[in-house]
$ cat coords_2.cif   # mmCIF, N, CA and C atoms and all ligand atoms
data_model
loop_
_atom_site.group_PDB
_atom_site.id
_atom_site.type_symbol
_atom_site.label_atom_id
_atom_site.label_comp_id
_atom_site.auth_asym_id
_atom_site.auth_seq_id
_atom_site.Cartn_x
_atom_site.Cartn_y
_atom_site.Cartn_z
ATOM 1 N N MET W 1 0.845 -1.190 0.000
ATOM 2 C CA MET W 1 0.000 0.000 0.000
ATOM 3 C C MET W 1 0.885 1.246 0.000
ATOM 4 N N VAL W 2 0.510 2.168 -0.789
ATOM 5 C CA VAL W 2 1.215 3.449 -0.808
ATOM 6 C C VAL W 2 0.398 4.468 -0.037
ATOM 7 N N THR W 3 1.035 5.062 0.924
ATOM 8 C CA THR W 3 0.350 6.089 1.697
ATOM 9 C C THR W 3 0.519 7.437 1.017
ATOM 10 N N PRO W 4 -0.576 8.026 0.629
ATOM 11 C CA PRO W 4 -0.464 9.347 0.004
ATOM 12 C C PRO W 4 0.092 10.355 0.995
ATOM 13 N N GLN W 5 1.012 11.165 0.507
ATOM 14 C CA GLN W 5 1.572 12.191 1.363
ATOM 15 C C GLN W 5 0.769 13.467 1.215
ATOM 16 N N ALA W 6 0.542 14.087 2.316
ATOM 17 C CA ALA W 6 -0.226 15.328 2.285
ATOM 18 C C ALA W 6 0.594 16.422 1.611
ATOM 19 N N PRO W 7 -0.090 17.274 0.868
ATOM 20 C CA PRO W 7 0.630 18.388 0.277
ATOM 21 C C PRO W 7 1.225 19.289 1.352
ATOM 22 N N GLN W 8 2.387 19.853 1.024
ATOM 23 C CA GLN W 8 3.050 20.738 1.961
ATOM 24 C C GLN W 8 2.703 22.184 1.610
ATOM 25 N N PHE W 9 2.248 22.915 2.598
ATOM 26 C CA PHE W 9 1.905 24.312 2.359
ATOM 27 C C PHE W 9 3.030 25.207 2.848
ATOM 28 N N GLY W 10 3.261 26.241 2.125
ATOM 29 C CA GLY W 10 4.306 27.170 2.518
ATOM 30 C C GLY W 10 4.206 28.441 1.711
ATOM 31 N N THR W 11 5.198 29.258 1.849
ATOM 32 C CA THR W 11 5.213 30.521 1.122
ATOM 33 C C THR W 11 6.397 30.561 0.175
ATOM 34 N N TYR W 12 6.207 31.242 -0.916
ATOM 35 C CA TYR W 12 7.296 31.448 -1.858
ATOM 36 C C TYR W 12 7.491 32.940 -2.056
ATOM 37 N N ARG W 13 8.666 33.273 -2.552
ATOM 38 C CA ARG W 13 8.932 34.661 -2.906
ATOM 39 C C ARG W 13 9.349 34.688 -4.361
ATOM 40 N N CYS W 14 8.598 35.419 -5.154
ATOM 41 C CA CYS W 14 8.884 35.492 -6.572
ATOM 42 C C CYS W 14 10.223 36.203 -6.803
ATOM 43 N N PRO W 15 11.156 35.553 -7.514
ATOM 44 C CA PRO W 15 12.456 36.171 -7.753
ATOM 45 C C PRO W 15 12.388 37.292 -8.785
ATOM 46 N N VAL W 16 11.271 37.402 -9.471
ATOM 47 C CA VAL W 16 11.138 38.427 -10.497
ATOM 48 C C VAL W 16 10.625 39.735 -9.903
ATOM 49 N N CYS W 17 9.512 39.645 -9.187
ATOM 50 C CA CYS W 17 8.878 40.868 -8.704
ATOM 51 C C CYS W 17 8.926 40.983 -7.183
ATOM 52 N N GLY W 18 9.351 39.932 -6.504
ATOM 53 C CA GLY W 18 9.473 39.999 -5.058
ATOM 54 C C GLY W 18 8.178 39.743 -4.304
ATOM 55 N N HIS W 19 7.125 39.400 -5.035
ATOM 56 C CA HIS W 19 5.838 39.137 -4.409
ATOM 57 C C HIS W 19 5.906 37.854 -3.581
ATOM 58 N N ARG W 20 5.260 37.869 -2.441
ATOM 59 C CA ARG W 20 5.177 36.673 -1.606
ATOM 60 C C ARG W 20 3.745 36.176 -1.591
ATOM 61 N N ASP W 21 3.604 34.865 -1.650
ATOM 62 C CA ASP W 21 2.270 34.288 -1.601
ATOM 63 C C ASP W 21 2.386 32.843 -1.140
ATOM 64 N N GLY W 22 1.261 32.239 -0.871
ATOM 65 C CA GLY W 22 1.245 30.864 -0.419
ATOM 66 C C GLY W 22 1.145 29.910 -1.596
ATOM 67 N N ALA W 23 1.651 28.699 -1.404
ATOM 68 C CA ALA W 23 1.561 27.681 -2.438
ATOM 69 C C ALA W 23 1.568 26.324 -1.756
ATOM 70 N N GLU W 24 1.242 25.308 -2.509
ATOM 71 C CA GLU W 24 1.332 23.970 -1.970
ATOM 72 C C GLU W 24 2.182 23.106 -2.884
ATOM 73 N N LEU W 25 2.879 22.174 -2.250
ATOM 74 C CA LEU W 25 3.800 21.310 -2.962
ATOM 75 C C LEU W 25 3.403 19.871 -2.661
ATOM 76 N N HIS W 26 3.342 19.056 -3.704
ATOM 77 C CA HIS W 26 2.962 17.661 -3.520
ATOM 78 C C HIS W 26 4.220 16.796 -3.480
ATOM 79 N N PRO W 27 4.530 16.248 -2.329
ATOM 80 C CA PRO W 27 5.736 15.441 -2.182
ATOM 81 C C PRO W 27 5.726 14.263 -3.146
ATOM 82 N N GLY W 28 6.890 13.952 -3.682
ATOM 83 C CA GLY W 28 7.004 12.821 -4.578
ATOM 84 C C GLY W 28 6.754 13.168 -6.030
ATOM 85 N N HIS W 29 6.412 14.417 -6.292
ATOM 86 C CA HIS W 29 6.138 14.823 -7.668
ATOM 87 C C HIS W 29 7.190 15.792 -8.189
ATOM 88 N N GLY W 30 8.316 15.870 -7.507
ATOM 89 C CA GLY W 30 9.361 16.766 -7.959
ATOM 90 C C GLY W 30 9.019 18.206 -7.621
ATOM 91 N N PRO W 31 9.776 19.105 -8.204
ATOM 92 C CA PRO W 31 9.535 20.519 -7.925
ATOM 93 C C PRO W 31 8.140 20.936 -8.357
ATOM 94 N N GLY W 32 7.524 21.793 -7.587
ATOM 95 C CA GLY W 32 6.199 22.275 -7.928
ATOM 96 C C GLY W 32 6.278 23.374 -8.969
ATOM 97 N N ARG W 33 5.381 23.299 -9.925
ATOM 98 C CA ARG W 33 5.314 24.342 -10.945
ATOM 99 C C ARG W 33 4.152 25.254 -10.611
ATOM 100 N N ILE W 34 4.471 26.507 -10.440
ATOM 101 C CA ILE W 34 3.441 27.488 -10.144
ATOM 102 C C ILE W 34 3.667 28.717 -11.007
ATOM 103 N N SER W 35 2.685 29.578 -11.001
ATOM 104 C CA SER W 35 2.846 30.881 -11.620
ATOM 105 C C SER W 35 2.712 31.930 -10.529
ATOM 106 N N CYS W 36 3.558 32.920 -10.563
ATOM 107 C CA CYS W 36 3.465 34.007 -9.613
ATOM 108 C C CYS W 36 2.082 34.633 -9.720
ATOM 109 N N SER W 37 1.431 34.795 -8.577
ATOM 110 C CA SER W 37 0.070 35.320 -8.596
ATOM 111 C C SER W 37 0.053 36.818 -8.884
ATOM 112 N N TYR W 38 1.227 37.425 -8.926
ATOM 113 C CA TYR W 38 1.288 38.866 -9.164
ATOM 114 C C TYR W 38 1.729 39.181 -10.587
ATOM 115 N N CYS W 39 2.863 38.598 -11.001
ATOM 116 C CA CYS W 39 3.400 38.951 -12.315
ATOM 117 C C CYS W 39 3.260 37.809 -13.322
ATOM 118 N N GLY W 40 2.868 36.622 -12.857
ATOM 119 C CA GLY W 40 2.590 35.524 -13.767
ATOM 120 C C GLY W 40 3.811 34.760 -14.235
ATOM 121 N N SER W 41 4.990 35.055 -13.699
ATOM 122 C CA SER W 41 6.189 34.328 -14.104
ATOM 123 C C SER W 41 6.080 32.858 -13.715
ATOM 124 N N ALA W 42 6.586 31.983 -14.575
ATOM 125 C CA ALA W 42 6.600 30.553 -14.276
ATOM 126 C C ALA W 42 7.715 30.268 -13.278
ATOM 127 N N LEU W 43 7.357 29.632 -12.186
ATOM 128 C CA LEU W 43 8.309 29.384 -11.112
ATOM 129 C C LEU W 43 8.315 27.911 -10.742
ATOM 130 N N GLU W 44 9.433 27.491 -10.167
ATOM 131 C CA GLU W 44 9.531 26.155 -9.585
ATOM 132 C C GLU W 44 9.775 26.314 -8.099
ATOM 133 N N ILE W 45 9.017 25.575 -7.304
ATOM 134 C CA ILE W 45 9.223 25.616 -5.862
ATOM 135 C C ILE W 45 9.676 24.248 -5.380
ATOM 136 N N SER W 46 10.624 24.261 -4.456
ATOM 137 C CA SER W 46 11.131 23.035 -3.860
ATOM 138 C C SER W 46 11.083 23.194 -2.351
ATOM 139 N N ALA W 47 10.821 22.094 -1.686
ATOM 140 C CA ALA W 47 10.738 22.135 -0.238
ATOM 141 C C ALA W 47 12.120 22.324 0.373
ATOM 142 N N THR W 48 12.151 22.995 1.492
ATOM 143 C CA THR W 48 13.395 23.114 2.245
ATOM 144 C C THR W 48 13.320 22.164 3.429
ATOM 145 N N ASP W 49 13.816 22.571 4.561
ATOM 146 C CA ASP W 49 13.802 21.696 5.720
ATOM 147 C C ASP W 49 12.390 21.440 6.209
ATOM 148 N N PRO W 50 12.149 20.242 6.720
ATOM 149 C CA PRO W 50 10.866 20.001 7.368
ATOM 150 C C PRO W 50 10.703 20.974 8.535
ATOM 151 N N GLY W 51 9.537 21.536 8.660
ATOM 152 C CA GLY W 51 9.317 22.505 9.718
ATOM 153 C C GLY W 51 9.513 23.926 9.253
ATOM 154 N N SER W 52 10.195 24.076 8.108
ATOM 155 C CA SER W 52 10.312 25.404 7.538
ATOM 156 C C SER W 52 9.108 25.655 6.647
ATOM 157 N N HIS W 53 8.569 26.835 6.708
ATOM 158 C CA HIS W 53 7.371 27.121 5.931
ATOM 159 C C HIS W 53 7.685 27.951 4.700
ATOM 160 N N GLY W 54 8.927 27.949 4.314
ATOM 161 C CA GLY W 54 9.292 28.651 3.091
ATOM 162 C C GLY W 54 9.720 27.658 2.038
ATOM 163 N N PHE W 55 9.552 28.028 0.793
ATOM 164 C CA PHE W 55 10.014 27.193 -0.306
ATOM 165 C C PHE W 55 11.224 27.842 -0.961
ATOM 166 N N VAL W 56 12.085 26.991 -1.516
ATOM 167 C CA VAL W 56 13.115 27.495 -2.404
ATOM 168 C C VAL W 56 12.443 27.783 -3.741
ATOM 169 N N THR W 57 12.623 28.980 -4.238
ATOM 170 C CA THR W 57 11.928 29.389 -5.450
ATOM 171 C C THR W 57 12.932 29.766 -6.529
ATOM 172 N N GLN W 58 12.677 29.287 -7.715
ATOM 173 C CA GLN W 58 13.515 29.688 -8.842
ATOM 174 C C GLN W 58 12.660 29.766 -10.087
ATOM 175 N N LEU W 59 13.169 30.480 -11.070
ATOM 176 C CA LEU W 59 12.457 30.585 -12.340
ATOM 177 C C LEU W 59 12.424 29.230 -13.015
ATOM 178 N N ALA W 60 11.262 28.849 -13.521
ATOM 179 C CA ALA W 60 11.142 27.593 -14.245
ATOM 180 C C ALA W 60 11.806 27.728 -15.604
ATOM 181 N N GLN W 61 12.382 26.632 -16.044
ATOM 182 C CA GLN W 61 12.981 26.621 -17.365
ATOM 183 C C GLN W 61 11.878 26.464 -18.392
ATOM 184 N N VAL W 62 11.662 27.498 -19.155
ATOM 185 C CA VAL W 62 10.617 27.473 -20.156
ATOM 186 C C VAL W 62 11.237 27.176 -21.513
ATOM 187 N N PRO W 63 10.745 26.140 -22.172
ATOM 188 C CA PRO W 63 11.293 25.816 -23.499
ATOM 189 C C PRO W 63 11.098 26.970 -24.458
ATOM 190 N N ALA W 64 12.125 27.238 -25.211
ATOM 191 C CA ALA W 64 12.037 28.324 -26.188
ATOM 192 C C ALA W 64 11.153 27.911 -27.356
ATOM 193 N N HIS W 65 10.445 28.848 -27.878
ATOM 194 C CA HIS W 65 9.585 28.569 -29.009
ATOM 195 C C HIS W 65 10.323 28.883 -30.302
ATOM 196 N N GLY W 66 10.525 27.843 -31.100
ATOM 197 C CA GLY W 66 11.155 28.038 -32.379
ATOM 198 C C GLY W 66 12.561 28.560 -32.293
HETATM 199 ZN ZN ZN Q 1 6.198 37.743 -9.589
#

$ encode --input "coords_2.cif" --output "structure tokens"
Amino acid sequence: MVTPQAPQFGTYRCPVCGHRDGAELHPGHGPGRISCSYCGSALEISATDPGSHGFVTQLAQVPAHG
């Protein structure tokens, strides 16, 4: 049996505009893909230490078009 892991809630800080907001990360699915709720930049969030409510945030690698 696989026990589903509860999503982890925390806050991220957008590296583009500096906006802070809440997000959730689903363990076991790799980095979370979100969009900044302020400027819309594609971001990746990764969990830090257990007990920390902040995420490591970085710009998502967006494939170039053409
Ligand atoms: Zn932003």

$ atom_distance --input "coords_2.cif" --atom1 "atom CA of Gly10 of chain W" --atom2 "atom CA of Pro63 of chain W"
27.0 Å

$ residues_around --input "coords_2.cif" --residues "Glu24 of chain W" --least-positions-apart "5" --cutoff "9 Å" --atoms "only C-alpha atoms" --output "list in words"
Pro7, Gln8, Phe9, Gly10, Thr11, Gly32 and Ile45 of chain W

$ closest_atom_pairs --input "coords_2.cif" --of "chain W" --to "ligand ZN 1 (chain Q)" --cutoff "7 Å" --atoms "only C-alpha atoms and all ligand atoms" --output "JSON lines"
{"residue": "W:Cys14", "atom": "CA", "partner": "Q:ZN1", "partner_atom": "ZN", "distance": 4.6}
{"residue": "W:Pro15", "atom": "CA", "partner": "Q:ZN1", "partner_atom": "ZN", "distance": 6.7}
{"residue": "W:Val16", "atom": "CA", "partner": "Q:ZN1", "partner_atom": "ZN", "distance": 5.1}
{"residue": "W:Cys17", "atom": "CA", "partner": "Q:ZN1", "partner_atom": "ZN", "distance": 4.2}
{"residue": "W:Gly18", "atom": "CA", "partner": "Q:ZN1", "partner_atom": "ZN", "distance": 6.0}
{"residue": "W:His19", "atom": "CA", "partner": "Q:ZN1", "partner_atom": "ZN", "distance": 5.4}
{"residue": "W:Cys36", "atom": "CA", "partner": "Q:ZN1", "partner_atom": "ZN", "distance": 4.6}
{"residue": "W:Ser37", "atom": "CA", "partner": "Q:ZN1", "partner_atom": "ZN", "distance": 6.7}
{"residue": "W:Tyr38", "atom": "CA", "partner": "Q:ZN1", "partner_atom": "ZN", "distance": 5.1}
{"residue": "W:Cys39", "atom": "CA", "partner": "Q:ZN1", "partner_atom": "ZN", "distance": 4.1}
{"residue": "W:Gly40", "atom": "CA", "partner": "Q:ZN1", "partner_atom": "ZN", "distance": 5.9}
{"residue": "W:Ser41", "atom": "CA", "partner": "Q:ZN1", "partner_atom": "ZN", "distance": 5.7}

$ atom_distance --input "coords_2.cif" --atom1 "atom C of Ala42 of chain W" --atom2 "atom C of Tyr12 of chain W"
11.5 Å

$ atom_distance --input "coords_2.cif" --atom1 "atom C of Gln58 of chain W" --atom2 "atom N of Leu43 of chain W"
5.7 Å

$ select_by_dssp --input "coords_2.cif" --residues "chain W" --states "strand (DSSP E)" --output "ChimeraX atom specification"
/W:8-13,20-25,32-35,42-47,55-59

$ residues_around --input "coords_2.cif" --residues "Val56 of chain W" --least-positions-apart "2" --cutoff "6 Å" --atoms "only N, CA and C atoms" --output "PyMOL selection string"
chain W and resi 44-48+54+58

$ closest_residue --input "coords_2.cif" --among "W:Gln5, W:Arg13, W:Thr57, W:Ala64" --to "His26 of chain W" --atoms "only N, CA and C atoms"
W:Gln5

$ axis_aligned_box --input "coords_2.cif" --around "segment 48-63 of chain W" --padding-each-side "3 Å" --output "JSON"
{"center_x": 10.6, "center_y": 25.3, "center_z": -7.4, "size_x": 12.4, "size_y": 16.6, "size_z": 40.2}
